[in-house]
Structures are given as structure tokens and as C-alpha cells.
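So the structure is just underneath, and the comments pick up after that.
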Amino acid sequence: MTQHKFSFGLWTVGNVGRDPFGEPVRKTLSPVEIVHLLAEVGAWGVNFHDNDLVPIDASASQKAQIVADFKQALKDTGLVVPMATTNLFGHAAFKDGAFTSNDPAVRAYALQKTMAAMDLGAEFGAKTYVFWGGREGSETDASKNLLEGLKWFREALNFLCEYSNAQGYGYRFALEAKPNEPRGDIFLPTTGAMLGFIQTLDQPEMVGVNPEVAHETMAGLNFTHAVAQAIDAGKLFHIDLNDQNSGRYDQDYRFGAQNYKQSFFLVKLLQDAGYDGPLHFDAHAYRSEDLEGVKDFARGCMRTYEILAEKVKRFNADAEIQALLAQINAPNAEVEPFRGAYTPERAAALKAYQFDRQALGARGLGYEKLDQLTFELLMGAR
Ligand code: XLS
Ligand code: MG
Ligand code: MG
């Protein structure tokens, strides 16, 4: 085990390789088997949706047995449960949404199911509660009153914040945005949209985000920029790491499998900002893999993160790179008085100052060299 808090969902290493066109290619692993697999590969934590652990139609006694067995596996391995969440997307009842379904009975059922799932997560000490609204959306906007949908989603989160506090669970909620899949369009499709929405809640301090590499990438956005905004807002409560090609279906590749450079800048942002929360790999092995391949996948996610974290150290210690950065960010004593908060004097002095616009525009910035040096560092060529 490393100093990083690497976690995996039961649904990630437990993924059997079913896709819209094909049957499973791997056998189903029990939650207990998954915990042992994760311990074997050196993970720190395991997360679950309620029904990854307890089947939706389990009896009370079956549930009790499953919970006891899972607790024992955690005890035997030392793995922790940092995060829990609800499956509000699998069952047909949720085909038109959960908290935003047009059907008030479905909305009430979603609340009931989430409270039960929060109880389950709390039993294992989970402190982060993720909300991914996979079915909260539409294919045709003829079907939805969008403003009502947002209101219903807000009401549900407000209710559940109160529930968490009333139970003394101490959860922090992490909202996970995704632009589409499984719905044609999912509400609040980006991390930025979630950050705006959070401020409209009754207890915004309890609620942050769980951004996912694949989701922002599917939206054609720069994931690292989204994470930076979350960190800046004090809202990075959790993170889902994987990889994805833009413009494709939801691929959930091993972390770093596709975009090495972008993965590096993401790790750099997290490391430099001192993020010390869970690093959750929300991904799965290629469909070509057997059980050994699943272990290769899980080890690969963690090893890639560690390698990139090591590269971050080298980048930060590389004399040539740092000299270039120092040059790029060189202070300018002449304009120093203009920095800082507004004062009438500062504004007046700035208005009176003569800038040499031609000189400002003529200066080369050296980013070509910086980017090439970054590439060489990543490739092990320096
Ligand atoms: C799906 C989401 C899902 C959430 C948890 O694309 O990433 O796995 O993270 O419900
Ligand atoms: Mg995802
Ligand atoms: Mg996810």
C-alpha cells in the first residue's frame, strides 16, 4: 500500500464485461471476493452502490448475512469504505429519472431508497456520499418541465442533507456530473453546472462535487480545468479517475490509458494542491480480459498514478523547466503598484499609466519549449 488513498468501486473490478451488444465475458465476483482481490493488488478502499452489495430484492436475513460477511472481509484485509452511493438508474422504475421523475411515486421511492442506502453506507463508516443522477434527464424535452426537474432535484438533496444530519452520519455529499449516457441528455451535465447548483441548496457547505475524467471528456471539456474550479471553490470532495477518448461512448478505461499528458497535468494539479482525499478509479478492465487481466487493470490504475506523481516531483525539481516558468511568471516592479484590491488611488494611477502595447504583444512566451520539455520528461527522455 502507498500513501495515496486508492479506492475502487465494487462495480469496477467486478465489471463482467457486459455491453449493449454483448454478454458477460467474466464471472460474477461476490463482494467478499472483490475485497480480497483489492487487498491483493494493494488498494486502500472499496466503494459501493447499495445494490452492488445487497441485491435489490434481498430479504432482511439475506441482507444481514451479506453485511456480516462484507464486514468480516474488511476486517480481514484492512480495507476501508470511504464512499457509498445509490443505484438510482438500474431498475425500470427509474427509466424516466429518480429525484426528477415526472412520477411523484418514483420520486418518493428514490428518496426512500437513498435513505436506506445512506444507512447502509454509514454502517461501514462511509463519509462521502455520491450522487450520480444517471437517469435524471431526457431524450425529448417535450416530456419534461426542466424548471420543475431542477426544483425536485434541489428538494431531494435538501431533504437528504437534513436526513444525514438528523442521523448523525456526518456525510459530505459529492455530486457527479455527466453529459449523457444512459440518458440522451443528463441534467446539470458538467462539474461547473453542479458547482453553480450547489449554491442554491439549503446547506451548500455539505455539498461538493465528484468529477470524473470520462464525463468531462465526453463533453469535450478539459477535465483538469473543471477539477481546478472545484478545488478553487473548496468543493473537491471526491474524484473518479479513469480515461476516455473525446467524442465516444462512455469508455471507462484504466486511468492514463489514453491521454498521458492530460493525466499528468491532472495528477500535477491534485498533488500540487495537496488534495488528500480518496482517489477512486471508476473504470473497468477491457472486455478482452480474464480475472488476471482485471488485476492488471487495477494495478495499472494505481501504478500509473504513482508514476505520474513521481513525474510531478521531477517536473517541479527540473532546473530548466523551473527556470522557464520563473521567466514566464517574472514579476514586473513597474506594474506592481496596480495589483491588489480596488482603491480610488490605485484606479486613478492605473488609468493614467501608459502601456507599451506593441512590446506586450511582441514578447515570445516560450511555451513550445516548455511543452516539449514536459513531453521529454514524461517519456523518460530527460
Ligand atoms: C457512471 C458513473 C457512475 C458513478 C457512480 O458513468 O461514473 O459509475 O460514479 O454511480
Ligand atoms: Mg462514469
Ligand atoms: Mg463515476
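Please note that chains go A, B, ... in the order of the C-alpha cells, that every chain numbers its residues from 1, and that ligands are numbered from 1 in the order shown.
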TODO: Step by step, measure atom-to-atom distances between ligand 2 and each residue using only C-alpha atoms and all ligand atoms, keep those at most 7 Å, then write them as JSON, numbers by chain.
DONE: {"A": [212, 214, 215, 250, 252, 282]}
Output file for the selection above: N, CA, C and O atoms, as a PDB file, in the first residue's frame:
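Below is the file selection.pdb, written as the result:
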ATOM      1  N   GLU A 212     -15.514  13.322 -12.807  1.00  0.00           N
ATOM      2  CA  GLU A 212     -14.953  12.104 -13.410  1.00  0.00           C
ATOM      3  C   GLU A 212     -14.311  12.422 -14.750  1.00  0.00           C
ATOM      4  O   GLU A 212     -14.927  13.058 -15.605  1.00  0.00           O
ATOM      5  N   ALA A 214     -13.781  10.744 -17.473  1.00  0.00           N
ATOM      6  CA  ALA A 214     -14.512  10.357 -18.690  1.00  0.00           C
ATOM      7  C   ALA A 214     -15.667  11.312 -18.971  1.00  0.00           C
ATOM      8  O   ALA A 214     -15.939  11.641 -20.132  1.00  0.00           O
ATOM      9  N   HIS A 215     -16.346  11.752 -17.929  1.00  0.00           N
ATOM     10  CA  HIS A 215     -17.569  12.535 -18.135  1.00  0.00           C
ATOM     11  C   HIS A 215     -17.276  13.904 -18.740  1.00  0.00           C
ATOM     12  O   HIS A 215     -17.932  14.321 -19.691  1.00  0.00           O
ATOM     13  N   ASP A 250     -19.211   6.058 -23.463  1.00  0.00           N
ATOM     14  CA  ASP A 250     -18.568   6.058 -22.135  1.00  0.00           C
ATOM     15  C   ASP A 250     -17.609   4.874 -22.031  1.00  0.00           C
ATOM     16  O   ASP A 250     -18.026   3.733 -21.895  1.00  0.00           O
ATOM     17  N   ASP A 252     -14.683   4.404 -19.885  1.00  0.00           N
ATOM     18  CA  ASP A 252     -14.219   3.970 -18.552  1.00  0.00           C
ATOM     19  C   ASP A 252     -12.917   3.178 -18.603  1.00  0.00           C
ATOM     20  O   ASP A 252     -12.779   2.131 -17.956  1.00  0.00           O
ATOM     21  N   ASP A 282     -12.896   4.827 -11.178  1.00  0.00           N
ATOM     22  CA  ASP A 282     -14.224   4.427 -11.660  1.00  0.00           C
ATOM     23  C   ASP A 282     -14.054   3.967 -13.105  1.00  0.00           C
ATOM     24  O   ASP A 282     -14.344   4.702 -14.042  1.00  0.00           O
TER      25      ASP A 282
END
Give me the residues of chain A that have any atom at most 8 Å from an atom of ligand 1; for each, the nearest atom pair and the distance in Å, rounded to one decimal. Use only C-alpha atoms and all ligand atoms, sort by chain and number, and format it as a Markdown table.
| residue | atom | partner | partner_atom_place_in_ligand_line | distance |
| --- | --- | --- | --- | --- |
| A:Trp11 | CA | ligand 1 | 8 (O) | 7.7 |
| A:His49 | CA | ligand 1 | 10 (O) | 6.8 |
| A:Thr85 | CA | ligand 1 | 10 (O) | 6.4 |
| A:Thr86 | CA | ligand 1 | 10 (O) | 6.9 |
| A:Asn87 | CA | ligand 1 | 10 (O) | 6.5 |
| A:Val130 | CA | ligand 1 | 5 (C) | 6.9 |
| A:Phe131 | CA | ligand 1 | 10 (O) | 6.8 |
| A:Trp132 | CA | ligand 1 | 10 (O) | 4.9 |
| A:Gly133 | CA | ligand 1 | 10 (O) | 7.6 |
| A:Gly134 | CA | ligand 1 | 1 (C) | 6.8 |
| A:Glu176 | CA | ligand 1 | 9 (O) | 6.8 |
| A:Lys178 | CA | ligand 1 | 6 (O) | 7.0 |
| A:Glu181 | CA | ligand 1 | 6 (O) | 7.4 |
| A:Asn210 | CA | ligand 1 | 9 (O) | 8.0 |
| A:Glu212 | CA | ligand 1 | 7 (O) | 6.6 |
| A:Ala214 | CA | ligand 1 | 6 (O) | 7.9 |
| A:His215 | CA | ligand 1 | 6 (O) | 7.1 |
| A:Asp240 | CA | ligand 1 | 9 (O) | 6.6 |
| A:Asp250 | CA | ligand 1 | 6 (O) | 7.0 |
| A:Asp252 | CA | ligand 1 | 6 (O) | 7.8 |
| A:Asp282 | CA | ligand 1 | 8 (O) | 6.0 |
| A:Ala283 | CA | ligand 1 | 8 (O) | 7.9 |
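Counting only C-alpha atoms, A:Phe173 has the following residues at most 7 Å away, ignoring those fewer than 6 positions along the same chain: Thr128, Tyr129, Val130, Met206, Val207 and Gly208 of chain A.
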Convert the current residue selection to file output with C-alpha atoms, as a PDB file, in the first residue's frame.
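Wrote it out as part_30.pdb, contents follow:
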ATOM      1  CA  THR A 128     -18.637  10.684   1.348  1.00  0.00           C
ATOM      2  CA  TYR A 129     -21.992  10.103  -0.303  1.00  0.00           C
ATOM      3  CA  VAL A 130     -22.007  10.328  -4.091  1.00  0.00           C
ATOM      4  CA  MET A 206     -22.316  19.997   2.998  1.00  0.00           C
ATOM      5  CA  VAL A 207     -22.249  19.507  -0.739  1.00  0.00           C
ATOM      6  CA  GLY A 208     -19.337  19.340  -3.179  1.00  0.00           C
TER       7      GLY A 208
END
- [ ] List every residue of stretch 172-249 of chain A that DSSP, applied to the backbone of this structure, assigns to strand (DSSP E or B), and report them as a ChimeraX atom specification.
- [x] /A:172-176,185-186,207-209,212,236,240-241,243
Open item on the list: So that I can check the secondary structure, give me every residue of stretch 142-232 of chain A assigned alpha helix (DSSP H) by backbone DSSP, as a VMD selection string.
Closed with: chain A and resid 146 to 167 191 to 198 213 to 218 223 to 232
